[in-house]
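> Enclosed is the structure file run_26.cif (mmCIF, C-alpha atoms).
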```
data_coords
#
loop_
_atom_site.label_atom_id
_atom_site.label_comp_id
_atom_site.auth_asym_id
_atom_site.auth_seq_id
_atom_site.Cartn_x
_atom_site.Cartn_y
_atom_site.Cartn_z
CA MET A 34 -40.81 83.18 -113.31
CA THR A 35 -44.35 83.00 -111.94
CA TYR A 36 -44.58 81.70 -108.38
CA ARG A 37 -46.98 81.84 -105.47
CA LEU A 38 -46.14 82.45 -101.82
CA ALA A 39 -47.51 80.08 -99.20
CA THR A 40 -47.12 78.65 -95.72
CA TYR A 41 -46.82 74.89 -95.40
CA GLN A 42 -46.70 72.47 -92.49
CA SER A 43 -43.19 71.08 -92.17
CA ALA A 44 -41.74 68.67 -89.62
CA ASP A 45 -40.38 71.79 -87.88
CA GLY A 46 -43.69 73.65 -87.90
CA PRO A 47 -45.19 76.23 -90.29
CA ARG A 48 -42.70 77.59 -92.83
CA ALA A 49 -42.79 79.87 -95.85
CA ALA A 50 -42.60 78.38 -99.32
CA VAL A 51 -42.75 79.36 -102.95
CA ILE A 52 -44.90 77.25 -105.23
CA VAL A 53 -43.46 76.92 -108.72
CA GLY A 54 -45.74 74.91 -110.95
CA GLU A 55 -46.65 71.89 -108.83
CA ARG A 56 -43.53 72.01 -106.61
CA VAL A 57 -43.23 73.49 -103.13
CA ILE A 58 -39.83 74.97 -102.23
CA ASP A 59 -38.91 75.97 -98.67
CA VAL A 60 -37.76 79.60 -98.95
CA ALA A 61 -35.38 79.87 -95.98
CA LYS A 62 -33.64 76.60 -96.81
CA ALA A 63 -32.98 77.97 -100.29
CA THR A 64 -31.97 81.50 -99.33
CA ARG A 65 -30.37 80.74 -95.93
CA VAL A 66 -32.02 83.91 -94.58
CA LYS A 67 -33.74 83.33 -91.23
CA ALA A 68 -36.42 85.98 -91.86
CA ASP A 69 -37.55 83.92 -94.84
CA GLU A 70 -38.80 81.15 -92.55
CA THR A 71 -42.20 82.88 -92.36
CA VAL A 72 -44.34 84.74 -94.86
CA GLN A 73 -44.62 87.63 -92.40
CA GLY A 74 -40.83 87.81 -92.16
CA ILE A 75 -40.64 87.95 -95.95
CA LEU A 76 -43.27 90.69 -96.16
CA ASP A 77 -41.57 92.78 -93.49
CA ASP A 78 -38.76 93.31 -96.00
CA TRP A 79 -40.68 92.71 -99.21
CA THR A 80 -38.67 95.17 -101.32
CA LYS A 81 -35.50 93.08 -100.86
CA ALA A 82 -37.12 89.71 -100.26
CA LYS A 83 -38.88 89.56 -103.62
CA ALA A 84 -35.50 89.53 -105.38
CA ARG A 85 -34.50 86.51 -103.26
CA LEU A 86 -37.76 84.73 -104.04
CA GLU A 87 -37.37 85.45 -107.73
CA ALA A 88 -33.91 83.88 -107.61
CA VAL A 89 -35.26 80.82 -105.78
CA SER A 90 -38.11 80.37 -108.27
CA THR A 91 -35.71 80.35 -111.24
CA ARG A 92 -32.83 78.40 -109.69
CA GLN A 93 -32.09 75.10 -111.38
CA GLY A 94 -31.77 71.98 -109.27
CA LEU A 95 -34.23 72.95 -106.49
CA ARG A 96 -36.60 70.01 -106.52
CA GLY A 97 -38.79 70.85 -103.54
CA GLN A 98 -41.81 68.68 -102.70
CA PRO A 99 -44.87 67.82 -104.79
CA LEU A 100 -47.74 70.18 -104.03
CA SER A 101 -50.09 67.20 -103.79
CA LYS A 102 -48.06 65.85 -100.85
CA VAL A 103 -47.84 69.09 -98.86
CA LYS A 104 -50.28 70.46 -96.30
CA LEU A 105 -50.81 74.17 -96.93
CA LEU A 106 -51.83 76.44 -94.05
CA ALA A 107 -53.22 79.98 -94.15
CA PRO A 108 -50.54 81.99 -96.02
CA ILE A 109 -50.30 84.49 -93.15
CA PRO A 110 -51.43 82.48 -90.11
CA VAL A 111 -51.73 85.50 -87.79
CA PRO A 112 -51.80 88.77 -89.77
CA GLY A 113 -51.24 92.08 -88.05
CA ALA A 114 -54.73 93.33 -88.92
CA ILE A 115 -57.73 92.32 -91.02
CA TYR A 116 -59.91 95.15 -92.32
CA CYS A 117 -63.24 94.09 -93.85
CA ALA A 118 -65.27 96.26 -96.20
CA GLY A 119 -68.90 96.29 -95.19
CA SER A 120 -71.72 96.08 -97.74
CA ASN A 121 -69.38 96.74 -100.66
CA TYR A 122 -71.30 95.14 -103.54
CA GLY A 123 -74.53 96.81 -104.64
CA ASP A 124 -76.40 93.53 -105.10
CA HIS A 125 -75.35 92.32 -101.65
CA ALA A 126 -76.39 95.60 -100.02
CA ALA A 127 -79.80 95.23 -101.69
CA GLU A 128 -80.29 91.63 -100.53
CA MET A 129 -79.36 92.51 -96.96
CA ALA A 130 -81.84 95.42 -97.06
CA ARG A 131 -84.56 93.05 -98.31
CA ALA A 132 -83.82 90.68 -95.44
CA LYS A 133 -84.59 93.55 -93.05
CA GLY A 134 -87.65 94.74 -94.98
CA LEU A 135 -85.90 97.91 -96.15
CA ALA A 136 -85.73 99.65 -99.52
CA PRO A 137 -82.58 99.13 -101.64
CA PRO A 138 -79.86 101.52 -100.48
CA ALA A 139 -78.51 104.28 -102.70
CA ASP A 140 -74.96 104.18 -104.04
CA PRO A 141 -72.80 105.57 -101.18
CA HIS A 142 -70.90 107.69 -103.71
CA ASP A 143 -74.13 109.56 -104.50
CA LEU A 144 -74.57 110.30 -100.79
CA GLY A 145 -71.03 111.61 -100.38
CA LEU A 146 -70.07 108.62 -98.22
CA GLU A 147 -66.65 107.01 -97.98
CA PRO A 148 -65.74 103.32 -97.55
CA TRP A 149 -66.33 101.78 -94.15
CA HIS A 150 -64.67 98.76 -92.60
CA PHE A 151 -64.86 96.64 -89.49
CA ILE A 152 -61.98 94.68 -87.95
CA LYS A 153 -61.93 90.90 -87.86
CA SER A 154 -59.69 89.20 -85.29
CA SER A 155 -56.40 87.99 -86.76
CA ARG A 156 -56.82 84.95 -84.51
CA SER A 157 -59.89 83.92 -86.52
CA VAL A 158 -57.77 83.00 -89.57
CA THR A 159 -57.72 79.42 -90.80
CA GLY A 160 -56.45 77.80 -93.97
CA SER A 161 -57.95 75.82 -96.79
CA ASN A 162 -58.82 72.19 -96.07
CA GLN A 163 -59.15 73.04 -92.40
CA SER A 164 -62.39 72.30 -90.58
CA VAL A 165 -64.33 75.14 -88.97
CA LYS A 166 -66.20 74.41 -85.76
CA LEU A 167 -69.50 76.27 -85.81
CA PRO A 168 -69.91 78.37 -82.64
CA VAL A 169 -72.28 76.79 -80.14
CA ALA A 170 -73.96 80.14 -79.48
CA SER A 171 -75.00 80.63 -83.12
CA LYS A 172 -77.61 78.92 -85.30
CA LYS A 173 -77.13 81.28 -88.26
CA VAL A 174 -73.55 81.12 -89.50
CA ASP A 175 -73.37 82.62 -92.99
CA TRP A 176 -70.84 82.61 -95.85
CA GLU A 177 -69.26 85.51 -97.75
CA ALA A 178 -66.84 84.93 -100.66
CA GLU A 179 -64.29 87.76 -100.79
CA LEU A 180 -61.17 88.92 -102.57
CA ALA A 181 -58.46 89.46 -99.94
CA VAL A 182 -55.75 92.07 -100.53
CA VAL A 183 -52.29 91.68 -98.93
CA ILE A 184 -50.40 94.89 -98.15
CA GLY A 185 -46.69 94.79 -99.01
CA ARG A 186 -45.46 98.25 -98.01
CA LYS A 187 -46.10 100.59 -95.10
CA ALA A 188 -48.90 102.87 -96.24
CA ARG A 189 -50.03 106.16 -94.75
CA ASP A 190 -52.12 108.85 -96.49
CA VAL A 191 -51.86 107.06 -99.84
CA SER A 192 -53.58 108.55 -102.88
CA GLN A 193 -56.00 106.49 -104.92
CA LYS A 194 -53.66 106.91 -107.88
CA ASP A 195 -50.80 105.20 -106.04
CA ALA A 196 -52.80 102.78 -103.89
CA LEU A 197 -52.21 99.60 -105.89
CA LYS A 198 -48.44 100.10 -105.59
CA TYR A 199 -48.80 99.07 -101.95
CA VAL A 200 -50.46 95.75 -102.76
CA MET A 201 -48.17 92.73 -102.59
CA GLY A 202 -50.73 90.17 -103.66
CA TYR A 203 -54.19 88.64 -103.46
CA MET A 204 -55.87 85.65 -101.82
CA VAL A 205 -59.23 83.92 -101.73
CA GLY A 206 -61.20 84.63 -98.56
CA ASN A 207 -64.44 83.74 -96.78
CA ASP A 208 -65.84 86.17 -94.21
CA LEU A 209 -67.88 83.73 -92.14
CA SER A 210 -70.50 85.58 -90.10
CA ALA A 211 -72.68 84.58 -87.13
CA ARG A 212 -75.73 86.64 -88.08
CA ASP A 213 -77.72 85.91 -84.92
CA LEU A 214 -74.85 87.14 -82.73
CA SER A 215 -74.66 90.56 -84.40
CA ARG A 216 -77.12 92.10 -81.95
CA ARG A 217 -76.98 92.08 -78.17
CA ALA A 218 -80.15 90.34 -77.07
CA ALA A 219 -80.93 92.61 -74.13
CA ALA A 220 -80.31 95.86 -76.02
CA GLN A 221 -83.10 97.71 -77.82
CA PRO A 222 -82.59 97.68 -81.63
CA GLY A 223 -81.22 100.96 -82.93
CA THR A 224 -79.87 102.06 -79.57
CA LEU A 225 -76.25 102.70 -78.74
CA PHE A 226 -74.17 99.57 -78.12
CA ALA A 227 -76.82 97.25 -79.59
CA THR A 228 -74.43 95.67 -82.08
CA ASP A 229 -71.81 93.00 -81.39
CA TRP A 230 -69.27 92.88 -84.21
CA THR A 231 -66.85 90.68 -82.25
CA SER A 232 -69.25 87.76 -81.77
CA HIS A 233 -70.63 88.28 -85.26
CA LYS A 234 -67.34 88.22 -87.15
CA SER A 235 -64.46 86.92 -85.03
CA PHE A 236 -65.30 83.45 -83.73
CA ASP A 237 -62.60 80.78 -84.12
CA GLY A 238 -62.11 79.87 -87.79
CA ALA A 239 -64.27 82.74 -89.04
CA CYS A 240 -61.71 83.87 -91.63
CA PRO A 241 -60.59 81.14 -94.05
CA LEU A 242 -57.82 82.46 -96.33
CA GLY A 243 -55.61 80.95 -98.99
CA PRO A 244 -54.67 78.73 -100.52
CA TRP A 245 -51.62 80.90 -101.29
CA ILE A 246 -50.78 84.51 -102.16
CA THR A 247 -50.78 85.30 -105.86
CA LEU A 248 -48.44 88.20 -106.57
CA ALA A 249 -50.07 91.45 -107.66
CA ARG A 250 -47.85 91.53 -110.74
CA ASP A 251 -49.49 88.31 -111.92
CA VAL A 252 -53.06 89.61 -111.61
CA LYS A 253 -53.90 91.62 -114.72
CA ASP A 254 -56.92 93.38 -113.20
CA PRO A 255 -58.12 92.67 -109.64
CA HIS A 256 -61.34 94.49 -110.52
CA ASP A 257 -62.30 91.92 -113.15
CA LEU A 258 -62.13 88.49 -111.52
CA ALA A 259 -64.89 85.89 -111.41
CA ILE A 260 -65.78 85.02 -107.80
CA GLU A 261 -67.85 81.99 -106.81
CA LEU A 262 -68.94 80.07 -103.73
CA ASP A 263 -70.70 76.74 -103.53
CA ILE A 264 -71.90 74.61 -100.64
CA ASN A 265 -71.94 70.84 -101.10
CA GLY A 266 -71.60 71.48 -104.84
CA VAL A 267 -74.57 73.87 -105.06
CA MET A 268 -73.66 77.34 -106.36
CA LYS A 269 -74.63 80.14 -103.97
CA GLN A 270 -72.54 83.11 -105.13
CA ASN A 271 -71.50 83.77 -108.72
CA SER A 272 -70.29 87.26 -109.52
CA ASN A 273 -67.30 89.38 -110.48
CA THR A 274 -65.09 91.79 -108.54
CA ARG A 275 -66.02 94.52 -111.02
CA HIS A 276 -69.22 94.97 -109.03
CA MET A 277 -67.48 96.42 -105.96
CA ILE A 278 -68.93 99.75 -104.87
CA PHE A 279 -65.67 101.11 -103.47
CA ASP A 280 -62.76 99.64 -105.42
CA ILE A 281 -59.43 98.56 -103.95
CA ARG A 282 -57.81 101.93 -104.64
CA GLU A 283 -60.54 103.75 -102.74
CA GLN A 284 -60.36 101.33 -99.84
CA ILE A 285 -56.59 101.54 -99.40
CA SER A 286 -56.59 105.31 -99.75
CA PHE A 287 -59.36 105.73 -97.20
CA LEU A 288 -57.98 103.26 -94.65
CA SER A 289 -54.48 104.74 -94.89
CA SER A 290 -55.89 108.21 -94.20
CA ARG A 291 -57.10 106.93 -90.82
CA ILE A 292 -54.53 104.33 -89.80
CA THR A 293 -51.13 103.19 -91.02
CA LEU A 294 -51.25 99.95 -92.99
CA TYR A 295 -48.33 97.57 -92.55
CA PRO A 296 -46.87 94.71 -94.60
CA GLY A 297 -48.97 91.60 -94.07
CA ASP A 298 -52.14 93.49 -93.21
CA ILE A 299 -55.16 92.15 -95.07
CA ILE A 300 -58.14 93.94 -96.58
CA MET A 301 -61.25 91.86 -97.24
CA THR A 302 -62.95 93.78 -100.03
CA GLY A 303 -66.61 92.80 -99.62
CA THR A 304 -68.91 90.08 -100.92
CA PRO A 305 -71.48 89.88 -103.74
CA ASP A 306 -75.08 88.73 -103.35
CA GLY A 307 -76.01 85.14 -102.62
CA VAL A 308 -75.23 84.99 -98.91
CA GLY A 309 -77.38 82.81 -96.69
CA ASN A 310 -79.03 85.61 -94.75
CA GLY A 311 -80.79 86.86 -97.87
CA ARG A 312 -82.48 83.50 -98.44
CA GLY A 313 -82.86 82.22 -94.89
CA GLU A 314 -80.19 79.53 -95.30
CA PHE A 315 -77.30 78.94 -92.93
CA LEU A 316 -74.40 76.55 -92.52
CA ALA A 317 -74.71 73.22 -90.71
CA ALA A 318 -72.22 70.65 -89.52
CA GLY A 319 -71.02 68.57 -92.45
CA ASP A 320 -71.38 71.33 -95.04
CA VAL A 321 -68.40 71.77 -97.36
CA VAL A 322 -67.85 75.33 -98.56
CA ARG A 323 -65.72 76.10 -101.63
CA VAL A 324 -64.69 79.61 -102.66
CA ARG A 325 -63.02 80.23 -106.02
CA ILE A 326 -61.58 83.39 -107.52
CA GLU A 327 -60.38 83.47 -111.10
CA GLY A 328 -56.61 83.00 -111.28
CA LEU A 329 -56.20 82.79 -107.49
CA GLY A 330 -57.27 79.21 -106.78
CA GLU A 331 -59.85 77.96 -104.31
CA ILE A 332 -60.26 77.34 -100.60
CA VAL A 333 -62.31 74.50 -99.13
CA ASN A 334 -63.60 74.24 -95.58
CA LYS A 335 -65.82 71.69 -93.89
CA MET A 336 -68.12 72.85 -91.12
CA THR A 337 -68.15 70.71 -87.95
#
```
Have the structure of the file written as structure tokens, please.

Amino acid sequence: MTYRLATYQSADGPRAAVIVGERVIDVAKATRVKADETVQGILDDWTKAKARLEAVSTRQGLRGQPLSKVKLLAPIPVPGAIYCAGSNYGDHAAEMARAKGLAPPADPHDLGLEPWHFIKSSRSVTGSNQSVKLPVASKKVDWEAELAVVIGRKARDVSQKDALKYVMGYMVGNDLSARDLSRRAAAQPGTLFATDWTSHKSFDGACPLGPWITLARDVKDPHDLAIELDINGVMKQNSNTRHMIFDIREQISFLSSRITLYPGDIIMTGTPDGVGNGRGEFLAAGDVVRVRIEGLGEIVNKMT
């Protein structure tokens, strides 16, 4: 049975649920396993937990609640780590170069380069239909539609061949970025310590994720998914995950060669062209941002 894994707001606080069709079923109430109260608890023992979830999703008589009546939160409200691929679509790399008056960059593969990532604070996560307060210090908050990968098994020194075996599922993500906070004002450009990745990428609400986790088994090819973003109904990004420079296998293999990946860790895999910085447009209070990925649903966030 096809189901999605989510976190919903219950009377007792955030709890893990499976979504079967248009019904939301509380996992721990169905399994009577305390660890199943949270998505992180489920992922910490994913090998065994997925059998329990499969049983819940196929059990007769579990009515649950209508999805339309339930408030969904970020599927993993506070993940262990969020690794974000930088400049991982060729068209996006080109538009960012244009914004700086630079020539289009070469394919990193041709230069012998490997993937590179920055870390986004796990405390910056928010869910769909949650408002995001724009940081007072920034006037140039940008959008970035991204495919988010959820790790389901401890991974260290994983080969590219085996990398996708460690993926539990996928989500829709938005890597909100405060472009004007990416450089320290008093530091000379190009000098050491001139960049500020924390202010740039980790302000409160800077990482909308959701609306649920779609299991990897139910995604035929994560490298062939339409990805779109619109603001107030106007399309800004319209691409496909096939245009990644470093694919998911390469990213997992590289990251796991440097640091152990754990269940519940998230990899944001990069964004295509159409971000605001390339066209001199930025988010303002009242803007409604929608991100859609084929087969994975959509997330919606209003800027305040």
> Might you spell out which residues the PyMOL selection byres ((chain A and resi 127) around 10) would select in the displayed file, as a list in words?
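Output of the PyMOL selection byres ((chain A and resi 127) around 10): Ser120, Tyr122, Gly123, Asp124, His125, Ala126, Glu128, Met129, Ala130, Arg131, Ala132, Leu135, Ala136, Pro137, Pro138, Ala139, Asp306 and Gly311 of chain A.
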> Rounded to one decimal in Å, what is the spacing between atom CA of Leu294 of chain A and atom CA of Lys194 of chain A?
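Separation of atom CA of Leu294 of chain A and atom CA of Lys194 of chain A: 16.6 Å.
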> Work out how far atom CA of Glu261 of chain A is from atom CA of Val308 of chain A, in Å to one decimal.
11.2 Å
> Between atom CA of Asn273 of chain A and atom CA of Gly202 of chain A, what distance in Å does the model show, to one decimal?
17.9 Å
> Would you compute, for all listed atoms of segment 301-315 of chain A, the axis-aligned bounding box grown by 4 Å on each side, and then report its centre and edge lengths in Å rounded to one decimal, as JSON?

```
{"center_x": -72.1, "center_y": 86.4, "center_z": -98.3, "size_x": 29.6, "size_y": 22.8, "size_z": 18.8}
```
> For segment 144-155 of chain A, find every residue with an atom within 10 Å (counting only C-alpha atoms), except residues of its own chain fewer than 3 positions away, and show them as a ChimeraX atom specification.
/A:109-121,139-141,158-159,208,230-231,233-240,278-280,283-288,298-303
> Near Val51 of chain A, counting only C-alpha atoms, which residues have an atom at most 8 Å away, once you skip same-chain residues fewer than 3 positions from it, shown as a PDB file with C-alpha atoms, in the coordinates of the input?

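Written file, part-v3.pdb:
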```pdb
ATOM      1  CA  TYR A  36     -44.580  81.700-108.380  1.00  0.00           C
ATOM      2  CA  ARG A  37     -46.980  81.840-105.470  1.00  0.00           C
ATOM      3  CA  LEU A  38     -46.140  82.450-101.820  1.00  0.00           C
ATOM      4  CA  ALA A  39     -47.510  80.080 -99.200  1.00  0.00           C
ATOM      5  CA  VAL A  57     -43.230  73.490-103.130  1.00  0.00           C
ATOM      6  CA  ILE A  58     -39.830  74.970-102.230  1.00  0.00           C
ATOM      7  CA  ASP A  59     -38.910  75.970 -98.670  1.00  0.00           C
ATOM      8  CA  VAL A  60     -37.760  79.600 -98.950  1.00  0.00           C
ATOM      9  CA  LEU A  86     -37.760  84.730-104.040  1.00  0.00           C
ATOM     10  CA  SER A  90     -38.110  80.370-108.270  1.00  0.00           C
TER      11      SER A  90
END
```
> Could you tell me which of A:Leu329, A:Pro108, A:Asp45, A:Gly185 comes closest to Lys81 of chain A if we count all atoms listed in the file?
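Using all atoms listed in the file, the shortest distance to Lys81 of chain A belongs to A:Gly185.
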> Would you pick out the contacts of Val205 of chain A at 10 Å or less, using only C-alpha atoms, so that residues sharing its chain but fewer than 3 positions from it are not included, and give the list as a count of residues only?
24
> Evaluate the PyMOL selection byres ((chain A and resi 265-270) around 12) here and jot the selected residues down as number ranges by chain.
A: 124-125, 175-179, 207, 259-264, 271-274, 304-312, 314-326, 333-336
> Here's the selection I'm unsure about, the PyMOL selection byres ((chain A and resi 56) around 6); applied to the file above, which residues does it give, as number ranges by chain?
A: 52-55, 57, 97-100
> List as a list of chain:residue names: which residues have an atom within 7 Å of (-45.6, 70.5, -98.2), counting all atoms listed in the file?
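With a cut-off of 7 Å, the residues come to A:Tyr41, A:Gln42, A:Ser43, A:Val57, A:Gln98, A:Leu100, A:Lys102, A:Val103, A:Lys104, A:Leu105.
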